[in-house]
file structure-v1.txt (compact mmCIF, C-alpha atoms and all ligand atoms)
# COMPACT_ATOMS: atom_id res chain seq x y z
CA VAL A 1 21.73 -34.80 -1.50
CA PHE A 2 18.06 -35.07 -2.31
CA HIS A 3 17.24 -38.47 -0.80
CA ASN A 4 15.56 -36.99 2.27
CA VAL A 5 13.49 -34.36 0.47
CA PRO A 6 9.81 -35.29 0.76
CA LEU A 7 7.17 -34.24 -1.73
CA ALA A 8 5.52 -30.97 -0.68
CA PRO A 9 1.73 -30.76 -0.76
CA PRO A 10 0.29 -28.74 -3.66
CA ASP A 11 -0.70 -25.12 -2.97
CA ALA A 12 -4.21 -25.03 -1.50
CA ILE A 13 -5.33 -22.21 -3.82
CA LEU A 14 -3.26 -22.30 -7.00
CA ASN A 15 -3.57 -26.08 -7.40
CA LEU A 16 -7.31 -25.61 -7.98
CA ASN A 17 -6.44 -24.01 -11.34
CA THR A 18 -4.48 -27.10 -12.32
CA LEU A 19 -7.27 -29.46 -11.25
CA SER A 20 -9.97 -27.45 -12.96
CA LYS A 21 -7.97 -27.10 -16.20
CA ALA A 22 -7.47 -30.86 -16.33
CA ASP A 23 -11.21 -31.54 -15.85
CA PRO A 24 -12.96 -32.06 -19.22
CA TYR A 25 -16.47 -31.73 -17.70
CA PRO A 26 -18.37 -29.16 -19.81
CA THR A 27 -20.03 -27.21 -16.99
CA LYS A 28 -17.15 -27.26 -14.50
CA ILE A 29 -16.86 -24.12 -12.39
CA ASN A 30 -13.66 -22.70 -10.91
CA VAL A 31 -14.37 -20.44 -7.94
CA GLY A 32 -10.97 -21.14 -6.41
CA VAL A 33 -8.31 -18.55 -7.08
CA GLY A 34 -9.12 -14.88 -6.55
CA ALA A 35 -8.74 -13.67 -10.11
CA TYR A 36 -11.34 -11.58 -11.93
CA ARG A 37 -13.39 -13.15 -14.71
CA ASP A 38 -15.90 -11.36 -16.92
CA GLU A 39 -19.47 -12.39 -17.75
CA ASP A 40 -18.08 -14.96 -20.22
CA GLY A 41 -15.83 -16.48 -17.57
CA LYS A 42 -12.75 -15.01 -19.25
CA PRO A 43 -9.87 -12.99 -17.78
CA TRP A 44 -10.31 -9.27 -18.49
CA VAL A 45 -7.44 -7.13 -19.71
CA LEU A 46 -8.51 -3.66 -18.62
CA PRO A 47 -8.81 -1.31 -21.63
CA VAL A 48 -6.81 1.31 -19.75
CA VAL A 49 -3.99 -1.22 -19.31
CA LYS A 50 -4.05 -1.99 -23.04
CA LYS A 51 -3.82 1.72 -23.76
CA ALA A 52 -0.84 2.22 -21.45
CA GLU A 53 0.85 -0.90 -22.83
CA SER A 54 0.68 0.30 -26.39
CA VAL A 55 2.20 3.67 -25.44
CA ILE A 56 5.02 1.89 -23.58
CA VAL A 57 5.90 -0.60 -26.31
CA ASN A 58 6.02 2.21 -28.87
CA ASP A 59 8.06 4.58 -26.71
CA ALA A 60 11.49 4.67 -28.36
CA SER A 61 13.02 6.41 -25.33
CA LEU A 62 12.48 3.35 -23.12
CA ASP A 63 15.10 0.65 -22.81
CA HIS A 64 15.54 -2.61 -20.92
CA GLU A 65 18.01 -1.39 -18.32
CA TYR A 66 17.70 -2.29 -14.63
CA LEU A 67 15.40 -0.23 -12.46
CA PRO A 68 16.88 1.16 -9.22
CA ILE A 69 16.79 -1.35 -6.33
CA ASP A 70 13.72 0.34 -4.84
CA GLY A 71 12.00 0.46 -8.21
CA LEU A 72 10.47 3.12 -10.41
CA ARG A 73 10.11 6.19 -8.18
CA LYS A 74 7.17 7.59 -10.17
CA PHE A 75 5.39 4.31 -9.46
CA THR A 76 6.21 4.00 -5.76
CA ASP A 77 5.37 7.67 -5.05
CA ALA A 78 2.05 7.35 -6.87
CA SER A 79 1.33 4.08 -5.02
CA ALA A 80 1.97 5.70 -1.65
CA LYS A 81 -0.37 8.56 -2.58
CA LEU A 82 -3.00 6.10 -3.77
CA ILE A 83 -3.14 4.23 -0.49
CA LEU A 84 -2.38 7.04 1.97
CA GLY A 85 -4.22 9.83 0.13
CA LYS A 86 -2.54 12.84 -1.49
CA THR A 87 -3.15 15.02 1.58
CA SER A 88 -2.06 12.41 4.11
CA PRO A 89 0.17 13.90 6.83
CA ALA A 90 2.76 11.24 5.95
CA ILE A 91 2.86 12.45 2.32
CA VAL A 92 2.76 16.16 3.14
CA GLU A 93 5.52 15.80 5.74
CA ASN A 94 7.52 13.41 3.53
CA ARG A 95 7.56 10.71 6.23
CA PHE A 96 7.11 7.76 3.91
CA ALA A 97 9.06 5.50 1.60
CA GLY A 98 7.77 3.19 -1.10
CA ILE A 99 9.71 0.16 -2.32
CA GLN A 100 8.64 -1.65 -5.49
CA THR A 101 8.00 -5.35 -4.87
CA ILE A 102 7.00 -8.59 -6.57
CA SER A 103 3.32 -7.75 -6.14
CA GLY A 104 1.54 -7.98 -2.79
CA SER A 105 3.18 -11.27 -1.74
CA GLY A 106 6.61 -9.78 -2.34
CA ALA A 107 5.63 -6.70 -0.35
CA VAL A 108 4.49 -8.82 2.57
CA ARG A 109 7.70 -10.84 2.38
CA LEU A 110 9.93 -7.75 2.23
CA GLY A 111 8.06 -6.30 5.22
CA ALA A 112 8.43 -9.60 7.05
CA ASP A 113 12.18 -9.74 6.33
CA PHE A 114 12.53 -6.15 7.49
CA LEU A 115 10.63 -6.80 10.72
CA ASN A 116 12.62 -9.96 11.34
CA ARG A 117 15.82 -7.93 11.12
CA PHE A 118 14.77 -4.80 13.00
CA ARG A 119 11.79 -5.59 15.21
CA LYS A 120 11.65 -9.29 15.96
CA ALA A 121 8.28 -10.00 17.57
CA THR A 122 5.37 -12.37 17.24
CA VAL A 123 3.20 -11.78 14.20
CA TYR A 124 -0.55 -12.05 14.70
CA VAL A 125 -2.63 -12.89 11.63
CA SER A 126 -6.40 -13.18 11.54
CA ASN A 127 -8.06 -16.56 11.98
CA PRO A 128 -8.62 -17.34 9.18
CA THR A 129 -6.37 -15.45 6.79
CA TRP A 130 -4.90 -15.90 3.33
CA GLY A 131 -2.91 -19.13 3.77
CA ASN A 132 0.27 -17.64 2.38
CA HIS A 133 0.50 -15.17 5.29
CA HIS A 134 1.42 -18.04 7.60
CA ASP A 135 4.10 -19.32 5.23
CA ILE A 136 5.58 -15.91 4.42
CA PHE A 137 6.05 -14.79 8.03
CA ARG A 138 7.25 -18.23 9.15
CA ASP A 139 9.77 -18.46 6.30
CA ALA A 140 10.99 -14.96 7.20
CA GLY A 141 11.78 -16.33 10.66
CA LEU A 142 9.03 -14.75 12.74
CA PRO A 143 6.77 -16.66 15.13
CA VAL A 144 3.14 -16.58 13.91
CA GLN A 145 0.00 -16.58 16.07
CA THR A 146 -3.61 -15.90 15.21
CA TYR A 147 -6.23 -13.50 16.49
CA PRO A 148 -9.95 -14.37 16.30
CA TYR A 149 -11.70 -12.90 13.28
CA TRP A 150 -14.52 -15.08 11.96
CA ASP A 151 -17.42 -16.09 14.14
CA PRO A 152 -19.12 -19.06 12.46
CA ASP A 153 -22.26 -18.69 14.58
CA VAL A 154 -23.07 -15.23 13.27
CA ARG A 155 -21.15 -15.71 10.01
CA GLY A 156 -19.48 -12.38 10.71
CA LEU A 157 -16.72 -10.65 12.64
CA ALA A 158 -15.72 -12.01 16.07
CA PHE A 159 -15.14 -8.43 17.08
CA GLN A 160 -14.94 -8.62 20.86
CA ALA A 161 -12.73 -11.71 20.76
CA MET A 162 -10.46 -9.91 18.30
CA ILE A 163 -10.15 -6.88 20.58
CA ASP A 164 -9.52 -9.13 23.60
CA GLU A 165 -6.68 -10.88 21.77
CA ILE A 166 -5.09 -7.59 20.71
CA GLN A 167 -5.23 -6.48 24.35
CA GLU A 168 -3.79 -9.73 25.65
CA ALA A 169 -0.96 -10.10 23.10
CA PRO A 170 2.56 -9.38 24.42
CA LYS A 171 3.40 -5.67 24.13
CA GLY A 172 4.99 -4.75 20.82
CA SER A 173 3.55 -7.58 18.74
CA ILE A 174 2.99 -7.22 15.00
CA PHE A 175 -0.61 -7.25 13.79
CA VAL A 176 -1.37 -8.08 10.16
CA LEU A 177 -4.62 -6.39 9.11
CA HIS A 178 -6.63 -6.53 5.88
CA PRO A 179 -7.85 -2.96 5.31
CA CYS A 180 -10.65 -4.04 2.95
CA ALA A 181 -12.19 -7.14 1.37
CA HIS A 182 -10.80 -9.53 3.97
CA ASN A 183 -9.44 -12.72 2.42
CA PRO A 184 -11.00 -15.29 2.86
CA THR A 185 -14.08 -14.11 4.78
CA GLY A 186 -15.22 -10.99 2.92
CA VAL A 187 -16.00 -9.50 6.33
CA ASP A 188 -14.59 -6.05 7.13
CA PRO A 189 -14.76 -4.10 10.41
CA THR A 190 -16.97 -1.00 10.41
CA ALA A 191 -15.38 2.47 10.73
CA ASP A 192 -16.21 2.49 14.42
CA GLN A 193 -14.70 -0.97 14.91
CA TRP A 194 -11.53 0.19 13.14
CA ARG A 195 -11.29 3.03 15.68
CA GLN A 196 -11.49 0.53 18.51
CA ILE A 197 -8.95 -1.76 16.82
CA ALA A 198 -6.56 1.21 16.46
CA ASP A 199 -7.04 2.09 20.15
CA ALA A 200 -6.27 -1.48 21.20
CA ILE A 201 -3.20 -1.63 18.96
CA ARG A 202 -1.91 1.68 20.33
CA HIS A 203 -2.57 0.56 23.87
CA GLY A 204 -0.58 -2.65 23.30
CA GLU A 205 2.23 -0.70 21.57
CA HIS A 206 1.76 -3.13 18.69
CA PHE A 207 2.89 -2.54 15.13
CA PRO A 208 0.24 -2.52 12.35
CA PHE A 209 1.09 -4.17 9.04
CA PHE A 210 -1.67 -3.73 6.46
CA ASP A 211 -1.95 -6.08 3.52
CA CYS A 212 -4.02 -4.29 0.90
CA ALA A 213 -4.61 -6.54 -2.11
CA TYR A 214 -8.03 -5.19 -3.09
CA GLN A 215 -8.05 -1.38 -2.99
CA GLY A 216 -10.96 -0.25 -5.15
CA PHE A 217 -12.08 -3.80 -5.71
CA ALA A 218 -14.17 -4.05 -2.57
CA SER A 219 -16.50 -1.08 -2.87
CA GLY A 220 -15.49 0.24 -6.28
CA ASP A 221 -14.19 3.34 -4.47
CA LEU A 222 -10.41 3.66 -4.02
CA ASP A 223 -10.68 6.13 -1.12
CA ARG A 224 -13.27 4.21 0.79
CA ASP A 225 -11.24 0.99 0.59
CA ALA A 226 -8.18 2.83 1.94
CA ALA A 227 -10.00 4.43 4.86
CA ALA A 228 -8.65 2.09 7.56
CA VAL A 229 -5.01 2.69 6.59
CA ARG A 230 -5.58 6.45 6.36
CA TYR A 231 -7.22 6.48 9.78
CA PHE A 232 -4.19 4.80 11.36
CA VAL A 233 -1.85 7.30 9.70
CA GLU A 234 -3.97 10.23 10.91
CA GLN A 235 -3.75 8.75 14.39
CA GLY A 236 0.03 9.02 14.21
CA PHE A 237 0.92 5.34 13.80
CA GLU A 238 4.09 4.18 12.12
CA LEU A 239 3.14 1.30 9.85
CA LEU A 240 3.77 -0.84 6.82
CA VAL A 241 1.31 -1.34 3.99
CA ALA A 242 1.63 -3.89 1.19
CA GLN A 243 -0.12 -3.09 -2.10
CA SER A 244 -0.89 -5.31 -5.05
CA TYR A 245 -2.02 -4.31 -8.55
CA SER A 246 -2.93 -7.90 -9.45
CA LYS A 247 -6.65 -7.54 -8.84
CA ASN A 248 -7.42 -3.85 -9.16
CA MET A 249 -5.48 -3.44 -12.42
CA GLY A 250 -5.70 -7.05 -13.53
CA LEU A 251 -1.89 -7.30 -13.64
CA TYR A 252 -1.66 -10.77 -12.14
CA GLY A 253 1.34 -12.03 -14.09
CA GLU A 254 3.31 -8.79 -14.07
CA ARG A 255 3.86 -9.07 -10.29
CA THR A 256 3.50 -5.37 -9.63
CA GLY A 257 3.33 -4.16 -6.04
CA CYS A 258 4.67 -1.77 -3.49
CA LEU A 259 5.59 -1.78 0.17
CA THR A 260 5.02 1.61 1.74
CA VAL A 261 6.36 2.51 5.15
CA VAL A 262 5.15 5.44 7.24
CA THR A 263 7.65 6.71 9.81
CA LYS A 264 7.74 9.47 12.42
CA THR A 265 10.27 11.60 10.53
CA PRO A 266 11.61 12.04 6.96
CA GLU A 267 15.09 10.96 8.16
CA LEU A 268 13.74 7.66 9.44
CA ALA A 269 11.97 7.08 6.11
CA LEU A 270 15.35 7.44 4.38
CA ASN A 271 16.95 4.98 6.77
CA VAL A 272 14.18 2.45 6.33
CA ARG A 273 14.32 2.82 2.55
CA SER A 274 18.06 2.15 2.58
CA GLN A 275 17.62 -1.02 4.65
CA MET A 276 14.72 -2.22 2.50
CA CYS A 277 17.01 -1.75 -0.50
CA LYS A 278 19.62 -4.00 1.09
CA LEU A 279 17.03 -6.71 1.74
CA SER A 280 15.54 -6.42 -1.73
CA ARG A 281 18.94 -6.49 -3.42
CA ALA A 282 19.72 -9.75 -1.66
CA SER A 283 16.46 -11.39 -2.69
CA ILE A 284 15.39 -10.04 -6.10
CA SER A 285 18.23 -7.60 -6.91
CA ASN A 286 15.83 -5.09 -8.45
CA PRO A 287 12.19 -5.26 -9.48
CA PRO A 288 10.65 -5.84 -12.94
CA ALA A 289 9.90 -2.76 -15.02
CA PHE A 290 6.95 -3.47 -17.31
CA GLY A 291 4.06 -3.66 -14.84
CA ALA A 292 5.38 -0.69 -12.88
CA ARG A 293 5.52 1.39 -16.05
CA ILE A 294 1.90 0.56 -16.83
CA VAL A 295 0.67 1.36 -13.32
CA SER A 296 2.75 4.51 -13.14
CA MET A 297 1.26 5.77 -16.39
CA VAL A 298 -2.30 5.07 -15.23
CA LEU A 299 -1.85 6.61 -11.79
CA ASN A 300 -0.02 9.71 -13.00
CA ASP A 301 -2.26 10.63 -15.94
CA GLU A 302 -5.55 12.25 -14.97
CA GLN A 303 -7.46 10.95 -17.98
CA LEU A 304 -6.18 7.36 -17.64
CA PHE A 305 -6.78 7.46 -13.90
CA THR A 306 -10.43 8.39 -14.47
CA GLU A 307 -10.80 5.61 -17.02
CA TRP A 308 -9.27 3.13 -14.56
CA LYS A 309 -11.72 4.11 -11.82
CA GLY A 310 -14.59 3.42 -14.22
CA GLN A 311 -13.21 -0.02 -15.10
CA LEU A 312 -12.56 -0.83 -11.46
CA LYS A 313 -16.19 -0.10 -10.78
CA VAL A 314 -17.26 -2.42 -13.60
CA MET A 315 -15.44 -5.28 -11.83
CA ALA A 316 -16.68 -4.39 -8.34
CA ASP A 317 -20.28 -3.95 -9.53
CA ARG A 318 -20.32 -7.25 -11.40
CA ILE A 319 -19.20 -9.03 -8.25
CA ILE A 320 -21.78 -7.24 -6.13
CA HIS A 321 -24.44 -8.21 -8.68
CA MET A 322 -23.34 -11.87 -8.57
CA ARG A 323 -23.76 -11.78 -4.79
CA GLU A 324 -27.35 -10.64 -5.22
CA VAL A 325 -28.15 -13.25 -7.84
CA LEU A 326 -26.61 -16.07 -5.81
CA PHE A 327 -28.54 -15.02 -2.74
CA GLU A 328 -31.79 -14.79 -4.69
CA THR A 329 -31.29 -18.16 -6.36
CA LEU A 330 -30.55 -19.98 -3.08
CA THR A 331 -33.58 -18.28 -1.54
CA GLU A 332 -35.74 -19.33 -4.47
CA LEU A 333 -34.46 -22.92 -4.20
CA LYS A 334 -35.27 -22.78 -0.47
CA THR A 335 -31.79 -24.10 0.25
CA PRO A 336 -31.65 -24.92 3.98
CA GLY A 337 -29.71 -22.40 6.10
CA THR A 338 -29.29 -18.64 6.06
CA TRP A 339 -27.53 -17.05 3.11
CA ASN A 340 -27.74 -13.32 3.73
CA HIS A 341 -23.99 -13.30 4.52
CA ILE A 342 -23.44 -13.65 0.75
CA VAL A 343 -24.75 -10.12 0.22
CA ASP A 344 -23.35 -8.76 3.47
CA GLN A 345 -19.77 -9.78 2.66
CA ILE A 346 -17.59 -7.66 0.41
CA GLY A 347 -14.84 -8.02 -2.18
CA MET A 348 -13.66 -10.95 -4.22
CA PHE A 349 -14.70 -13.70 -1.82
CA THR A 350 -17.68 -15.18 -0.05
CA PHE A 351 -17.01 -17.39 2.93
CA THR A 352 -19.95 -19.66 2.34
CA GLY A 353 -19.94 -21.65 5.56
CA LEU A 354 -19.74 -24.90 3.55
CA ASN A 355 -17.49 -27.44 5.27
CA ALA A 356 -14.58 -29.44 3.83
CA ALA A 357 -16.74 -32.56 3.29
CA GLN A 358 -19.29 -30.52 1.32
CA VAL A 359 -16.51 -28.87 -0.67
CA LYS A 360 -15.23 -32.33 -1.60
CA VAL A 361 -18.66 -33.44 -2.84
CA LEU A 362 -18.95 -30.25 -4.86
CA ARG A 363 -15.63 -31.07 -6.49
CA ASP A 364 -16.13 -34.80 -7.03
CA LYS A 365 -19.77 -34.81 -8.02
CA HIS A 366 -20.42 -31.36 -9.45
CA HIS A 367 -16.98 -30.40 -10.82
CA ILE A 368 -16.94 -27.20 -8.80
CA TYR A 369 -13.54 -26.09 -7.53
CA MET A 370 -13.22 -24.05 -4.32
CA THR A 371 -10.86 -23.99 -1.37
CA ASP A 372 -11.46 -26.48 1.44
CA ASN A 373 -12.45 -23.70 3.85
CA GLY A 374 -15.60 -23.01 1.81
CA ARG A 375 -14.33 -19.78 0.26
CA ILE A 376 -15.58 -18.96 -3.23
CA SER A 377 -14.26 -16.36 -5.62
CA MET A 378 -17.40 -14.49 -6.71
CA ALA A 379 -15.66 -13.57 -9.96
CA GLY A 380 -15.85 -17.21 -11.06
CA LEU A 381 -19.64 -16.89 -11.24
CA ASN A 382 -21.59 -15.37 -14.14
CA SER A 383 -25.16 -15.43 -15.41
CA GLY A 384 -24.33 -18.55 -17.43
CA ASN A 385 -23.19 -20.72 -14.51
CA ILE A 386 -24.67 -19.25 -11.33
CA ARG A 387 -27.80 -21.40 -11.36
CA ILE A 388 -25.74 -24.57 -11.87
CA PHE A 389 -23.61 -23.46 -8.93
CA ALA A 390 -26.60 -22.68 -6.69
CA GLU A 391 -28.28 -26.00 -7.49
CA ALA A 392 -25.08 -27.87 -6.65
CA VAL A 393 -24.81 -26.04 -3.32
CA ASP A 394 -28.46 -26.83 -2.67
CA ASP A 395 -27.75 -30.50 -3.39
CA VAL A 396 -24.79 -30.79 -1.00
CA VAL A 397 -26.54 -28.90 1.77
CA ARG A 398 -29.57 -31.20 1.63
CA HIS A 399 -27.56 -34.46 1.64
C1 LIG B 401 -6.24 -15.78 -3.62
O1 LIG B 401 -6.33 -15.70 -2.40
O2 LIG B 401 -6.91 -16.57 -4.30
C2 LIG B 401 -5.34 -14.84 -4.36
O3 LIG B 401 -4.79 -13.93 -3.47
C3 LIG B 401 -4.35 -15.54 -5.20
C4 LIG B 401 -3.23 -16.16 -4.43
O4 LIG B 401 -2.08 -15.86 -4.76
O5 LIG B 401 -3.47 -16.95 -3.53

call {"tool": "encode", "arguments": {"input": "structure-v1.txt", "output": "structure tokens", "more": "lines below"}}
Ligand code: LMR
result
Amino acid sequence: VFHNVPLAPPDAILNLNTLSKADPYPTKINVGVGAYRDEDGKPWVLPVVKKAESVIVNDASLDHEYLPIDGLRKFTDASAKLILGKTSPAIVENRFAGIQTISGSGAVRLGADFLNRFRKATVYVSNPTWGNHHDIFRDAGLPVQTYPYWDPDVRGLAFQAMIDEIQEAPKGSIFVLHPCAHNPTGVDPTADQWRQIADAIRHGEHFPFFDCAYQGFASGDLDRDAAAVRYFVEQGFELLVAQSYSKNMGLYGERTGCLTVVTKTPELALNVRSQMCKLSRASISNPPAFGARIVSMVLNDEQLFTEWKGQLKVMADRIIHMREVLFETLTELKTPGTWNHIVDQIGMFTFTGLNAAQVKVLRDKHHIYMTDNGRISMAGLNSGNIRIFAEAVDDVVRH
């Protein structure tokens, strides 16, 4: 049975954790996976999460029964309001449905399965994008193409080429968009560019599918990071949006996410919900309860919500500060090249512009772990290791 099964390559992102853990070098640096680390290089359990957890574990009224197939309704409703805004026309007119998923990846997969069943079309993802997008949509059975996004010459958005591709794509294609903190480039369109992207998508009768893994993490402001999605809804689009609480609530292992759909009418939202339930039942049966209970408590309690916003800002600000320090250190070292893109980019990642050969030297010689495309997770840097990192980059760039 298994004789013709070849060994699969390790995951390009998650394998960096394994490699870095196995490396005994004292000043190794892991800037691979996008997971928040504090100033001591440690994972951070948000105090507001700890608070919610202790209430939940001591709540005698809670049991370990199954959640409904579409999850905890208090959680999915609050998630939809978080991303769309409480006063969104979709919320006010009840033209939405939220389905609880296995974090953002599960939300993308559920959306992909749904589209494969009800709106088979080519999926366009940005070039580059989070590697798993390719695998998820392909495994769901949809053809995947790319649209230009990163322009290496300006180390920024290839805006006109992106618009051209949206205009040239076959009518009715699916466009996967990162509303904030684009992974891996850290480059987001401006508000005006989003308007032009929306126009091009409407013109092509395409379907927008937002993958929002970093709401609040990019700018520290939950509303600002949701602006692109909200603009599309105001413009009358039907859409899907995948949400993850891995980064913004630090719930990586709890796999807590939501897929929200915005439809033209409340009746259609009911229909879509029912079909999403069928798909979810056949893949995960029903979603896990613990993470959803935590998030639901934080989102639905005014005091906890305020505390969360403060802690979100702590994470976002530390990352923004690391960008400044890295830029200043490379400038001080007179490292050849331009580095202002480090401070211009936003969110968890910097797309450094380092090539695969340089990344390999950084790994082999300096014990620094990053993805082959030159992406670094800014959260892996802190005041204790940032100089070591900058000097290593300086070394590989000069040689
Ligand atoms: C990343 O891009 O590093 C994160 O989204 C983690 C992951 O699952 O790949």

call {"tool": "atom_distance", "arguments": {"input": "structure-v1.txt", "atom1": "atom CA of A:Leu142", "atom2": "atom CA of A:Pro208"}}
result
15.1 Å

call {"tool": "closest_atom_pairs", "arguments": {"input": "structure-v1.txt", "of": "chain A", "to": "ligand LIG 401 (chain B)", "cutoff": "10 Å", "atoms": "all atoms listed in the file", "output": "JSON lines"}}
result
{"residue": "A:Asp11", "atom": "CA", "partner": "B:LIG401", "partner_atom": "O5", "distance": 8.6}
{"residue": "A:Ala12", "atom": "CA", "partner": "B:LIG401", "partner_atom": "O5", "distance": 8.4}
{"residue": "A:Ile13", "atom": "CA", "partner": "B:LIG401", "partner_atom": "O5", "distance": 5.6}
{"residue": "A:Leu14", "atom": "CA", "partner": "B:LIG401", "partner_atom": "O5", "distance": 6.4}
{"residue": "A:Asn15", "atom": "CA", "partner": "B:LIG401", "partner_atom": "O5", "distance": 9.9}
{"residue": "A:Leu16", "atom": "CA", "partner": "B:LIG401", "partner_atom": "O2", "distance": 9.8}
{"residue": "A:Val31", "atom": "CA", "partner": "B:LIG401", "partner_atom": "O2", "distance": 9.2}
{"residue": "A:Gly32", "atom": "CA", "partner": "B:LIG401", "partner_atom": "O2", "distance": 6.5}
{"residue": "A:Val33", "atom": "CA", "partner": "B:LIG401", "partner_atom": "O2", "distance": 3.7}
{"residue": "A:Gly34", "atom": "CA", "partner": "B:LIG401", "partner_atom": "O2", "distance": 3.6}
{"residue": "A:Ala35", "atom": "CA", "partner": "B:LIG401", "partner_atom": "O2", "distance": 6.7}
{"residue": "A:Ser103", "atom": "CA", "partner": "B:LIG401", "partner_atom": "O4", "distance": 9.8}
{"residue": "A:Gly104", "atom": "CA", "partner": "B:LIG401", "partner_atom": "O3", "distance": 8.7}
{"residue": "A:Ser105", "atom": "CA", "partner": "B:LIG401", "partner_atom": "O4", "distance": 7.6}
{"residue": "A:Thr129", "atom": "CA", "partner": "B:LIG401", "partner_atom": "O1", "distance": 9.2}
{"residue": "A:Trp130", "atom": "CA", "partner": "B:LIG401", "partner_atom": "O1", "distance": 5.9}
{"residue": "A:Gly131", "atom": "CA", "partner": "B:LIG401", "partner_atom": "O5", "distance": 7.6}
{"residue": "A:Asn132", "atom": "CA", "partner": "B:LIG401", "partner_atom": "O5", "distance": 7.0}
{"residue": "A:His133", "atom": "CA", "partner": "B:LIG401", "partner_atom": "O5", "distance": 9.8}
{"residue": "A:His182", "atom": "CA", "partner": "B:LIG401", "partner_atom": "O1", "distance": 9.9}
{"residue": "A:Asn183", "atom": "CA", "partner": "B:LIG401", "partner_atom": "O1", "distance": 6.5}
{"residue": "A:Pro184", "atom": "CA", "partner": "B:LIG401", "partner_atom": "O1", "distance": 7.0}
{"residue": "A:Ala213", "atom": "CA", "partner": "B:LIG401", "partner_atom": "O3", "distance": 7.5}
{"residue": "A:Tyr214", "atom": "CA", "partner": "B:LIG401", "partner_atom": "O3", "distance": 9.3}
{"residue": "A:Ser244", "atom": "CA", "partner": "B:LIG401", "partner_atom": "O3", "distance": 9.6}
{"residue": "A:Ser246", "atom": "CA", "partner": "B:LIG401", "partner_atom": "O3", "distance": 8.7}
{"residue": "A:Lys247", "atom": "CA", "partner": "B:LIG401", "partner_atom": "O3", "distance": 8.6}
{"residue": "A:Tyr252", "atom": "CA", "partner": "B:LIG401", "partner_atom": "C3", "distance": 8.8}
{"residue": "A:Met348", "atom": "CA", "partner": "B:LIG401", "partner_atom": "O2", "distance": 8.8}
{"residue": "A:Phe349", "atom": "CA", "partner": "B:LIG401", "partner_atom": "O1", "distance": 8.6}
{"residue": "A:Met370", "atom": "CA", "partner": "B:LIG401", "partner_atom": "O2", "distance": 9.8}
{"residue": "A:Thr371", "atom": "CA", "partner": "B:LIG401", "partner_atom": "O2", "distance": 8.9}
{"residue": "A:Arg375", "atom": "CA", "partner": "B:LIG401", "partner_atom": "O2", "distance": 9.3}
{"residue": "A:Ile376", "atom": "CA", "partner": "B:LIG401", "partner_atom": "O2", "distance": 9.1}
{"residue": "A:Ser377", "atom": "CA", "partner": "B:LIG401", "partner_atom": "O2", "distance": 7.5}

call {"tool": "residues_around", "arguments": {"input": "structure-v1.txt", "residues": "stretch 278-280 of chain A", "least_positions_apart": "3", "cutoff": "12 Å", "atoms": "all atoms listed in the file", "output": "ChimeraX atom specification"}}
result
/A:68-71,99-102,106-107,109-118,140,258-259,271-275,283-287

call {"tool": "closest_residue", "arguments": {"input": "structure-v1.txt", "among": "A:Glu332, A:Asp395, A:Asp63, A:Asp38", "to": "A:Arg293", "atoms": "all atoms listed in the file"}}
result
A:Asp63

call {"tool": "atom_distance", "arguments": {"input": "structure-v1.txt", "atom1": "atom CA of A:Leu333", "atom2": "atom CA of A:Arg387"}}
result
9.9 Å

call {"tool": "axis_aligned_box", "arguments": {"input": "structure-v1.txt", "around": "stretch 249-252 of chain A", "padding_each_side": "4 Å", "output": "lines of an AutoDock Vina configuration file"}}
result
center_x = -3.7
center_y = -7.1
center_z = -12.9
size_x = 12.0
size_y = 15.3
size_z = 9.5

call {"tool": "atom_distance", "arguments": {"input": "structure-v1.txt", "atom1": "atom CA of A:Pro143", "atom2": "atom CA of A:Tyr124"}}
result
8.7 Å

call {"tool": "residues_around", "arguments": {"input": "structure-v1.txt", "residues": "A:Gln167", "least_positions_apart": "6", "cutoff": "12 Å", "atoms": "all atoms listed in the file", "output": "ChimeraX atom specification"}}
result
/A:147,160-161,173,175,196-206

call {"tool": "closest_residue", "arguments": {"input": "structure-v1.txt", "among": "A:Val154, A:Val298, A:Leu330, A:Leu268", "to": "A:Leu46", "atoms": "all atoms listed in the file"}}
result
A:Val298

call {"tool": "residues_around", "arguments": {"input": "structure-v1.txt", "residues": "stretch 307-315 of chain A", "least_positions_apart": "6", "cutoff": "7 Å", "atoms": "only C-alpha atoms", "output": "ChimeraX atom specification"}}
result
/A:46,48,216-217,220,248

call {"tool": "closest_residue", "arguments": {"input": "structure-v1.txt", "among": "A:Cys277, A:Gln303, A:Gln345, A:Gly141", "to": "A:Arg119", "atoms": "all atoms listed in the file"}}
result
A:Gly141
